[in-house]
Amino acid sequence: MERNRSHGCGWYAAGPLLAAAVTVLGALLVARRWADCPRGMDMPTRASMALALPVGWIGMTVLLVLLQAVLVAVLPEGTEPEVKWVVLVVAAVLLFLLYVFGMGSPDTEPGGACYRG
């Protein structure tokens, strides 16, 4: 008995949902890093993080949706669906790491001020 190999709604919704999860988790991790500063996070940094969320989500959504389209177009028809899911999740993890390390960690001056290093 052959399984149905068509792509359902779950496959096409996975890119934007993974992008949203990666963006929110990355922002929480970065905010937690900055929360350890003795004087906390200053307003320009908060504004930058607030602007980075939608830009990061849109960018990651575009990249993951393009990856999904490439996977559907390039991989042979007989490819197991699990292979496509693994590639998509690995790409999302790589984007998460890029997002977190791109946002940076704070450096603390002796006076207690934090700045992006």
# chains A, B, ... in the order shown; residues from 1 in each chain; ligands from 1

$ residues_around --residues "region 96-99 of chain A" --least-positions-apart "6" --cutoff "12 Å" --atoms "only C-alpha atoms" --output "ChimeraX atom specification"
/A:18-30,49,52-53,55-57,59-60,64,89-90,105

$ write_last_selection --atoms "C-alpha atoms" --output "PDB file, in the first residue's frame"
ATOM      1  CA  LEU A  18       8.938  27.768  12.707  1.00  0.00           C
ATOM      2  CA  ALA A  19      10.058  31.289  11.825  1.00  0.00           C
ATOM      3  CA  ALA A  20       7.770  32.751  14.512  1.00  0.00           C
ATOM      4  CA  ALA A  21       8.999  30.271  17.118  1.00  0.00           C
ATOM      5  CA  VAL A  22      12.648  30.863  16.236  1.00  0.00           C
ATOM      6  CA  THR A  23      12.236  34.657  16.367  1.00  0.00           C
ATOM      7  CA  VAL A  24      10.435  34.664  19.714  1.00  0.00           C
ATOM      8  CA  LEU A  25      12.836  32.171  21.322  1.00  0.00           C
ATOM      9  CA  GLY A  26      15.825  34.097  19.997  1.00  0.00           C
ATOM     10  CA  ALA A  27      14.453  37.397  21.291  1.00  0.00           C
ATOM     11  CA  LEU A  28      13.781  35.880  24.716  1.00  0.00           C
ATOM     12  CA  LEU A  29      17.319  34.522  24.897  1.00  0.00           C
ATOM     13  CA  VAL A  30      18.818  37.868  23.881  1.00  0.00           C
ATOM     14  CA  MET A  49      14.925  44.630  19.871  1.00  0.00           C
ATOM     15  CA  ALA A  52      14.234  43.359  15.219  1.00  0.00           C
ATOM     16  CA  LEU A  53      11.306  41.058  16.000  1.00  0.00           C
ATOM     17  CA  VAL A  55      12.121  42.173  10.651  1.00  0.00           C
ATOM     18  CA  GLY A  56      13.597  38.914  11.914  1.00  0.00           C
ATOM     19  CA  TRP A  57      10.295  37.082  11.570  1.00  0.00           C
ATOM     20  CA  GLY A  59      13.223  37.496   6.982  1.00  0.00           C
ATOM     21  CA  MET A  60      13.120  34.020   8.474  1.00  0.00           C
ATOM     22  CA  LEU A  64      12.060  29.082   5.204  1.00  0.00           C
ATOM     23  CA  VAL A  89      14.005  22.024  11.098  1.00  0.00           C
ATOM     24  CA  VAL A  90      17.808  22.075  10.693  1.00  0.00           C
ATOM     25  CA  SER A 105      25.790  39.796  24.013  1.00  0.00           C
TER      26      SER A 105
END

$ select_by_dssp --residues "region 65-117 of chain A" --states "helix (DSSP H, G or I)" --output "VMD selection string"
chain A and resid 65 to 74 81 to 103

$ write_last_selection --atoms "C-alpha atoms" --output "short mmCIF file (atom, residue, chain, number, x, y, z; two decimals), in the first residue's frame"
data_model
loop_
_atom_site.label_atom_id
_atom_site.label_comp_id
_atom_site.auth_asym_id
_atom_site.auth_seq_id
_atom_site.Cartn_x
_atom_site.Cartn_y
_atom_site.Cartn_z
CA VAL A 65 9.22 29.36 2.67
CA LEU A 66 11.78 29.60 -0.14
CA LEU A 67 13.53 26.54 1.28
CA GLN A 68 10.23 24.68 1.31
CA ALA A 69 9.60 25.58 -2.33
CA VAL A 70 13.09 24.45 -3.29
CA LEU A 71 12.67 21.17 -1.42
CA VAL A 72 9.36 20.46 -3.18
CA ALA A 73 10.81 21.37 -6.60
CA VAL A 74 14.25 19.74 -6.33
CA PRO A 81 8.55 13.39 3.86
CA GLU A 82 10.70 13.02 6.98
CA VAL A 83 13.77 14.12 4.99
CA LYS A 84 12.07 17.37 4.05
CA TRP A 85 10.99 17.99 7.64
CA VAL A 86 14.48 17.34 8.98
CA VAL A 87 16.02 19.73 6.45
CA LEU A 88 13.44 22.39 7.35
CA VAL A 89 14.01 22.02 11.10
CA VAL A 90 17.81 22.08 10.69
CA ALA A 91 17.49 25.27 8.64
CA ALA A 92 15.30 26.80 11.37
CA VAL A 93 17.89 25.89 14.03
CA LEU A 94 20.66 27.46 11.94
CA LEU A 95 18.59 30.63 11.54
CA PHE A 96 17.99 30.64 15.31
CA LEU A 97 21.73 30.50 15.96
CA LEU A 98 22.39 33.21 13.39
CA TYR A 99 19.71 35.42 14.97
CA VAL A 100 20.96 34.94 18.54
CA PHE A 101 24.63 35.44 17.75
CA GLY A 102 23.82 38.32 15.40
CA MET A 103 21.99 40.17 18.18
#

$ atom_distance --atom1 "CA of Gly15 (chain A)" --atom2 "CA of Ala31 (chain A)"
24.1 Å

$ atom_distance --atom1 "CA of Pro106 (chain A)" --atom2 "CA of Arg32 (chain A)"
10.6 Å

$ atom_distance --atom1 "CA of Leu75 (chain A)" --atom2 "CA of Ala14 (chain A)"
17.9 Å
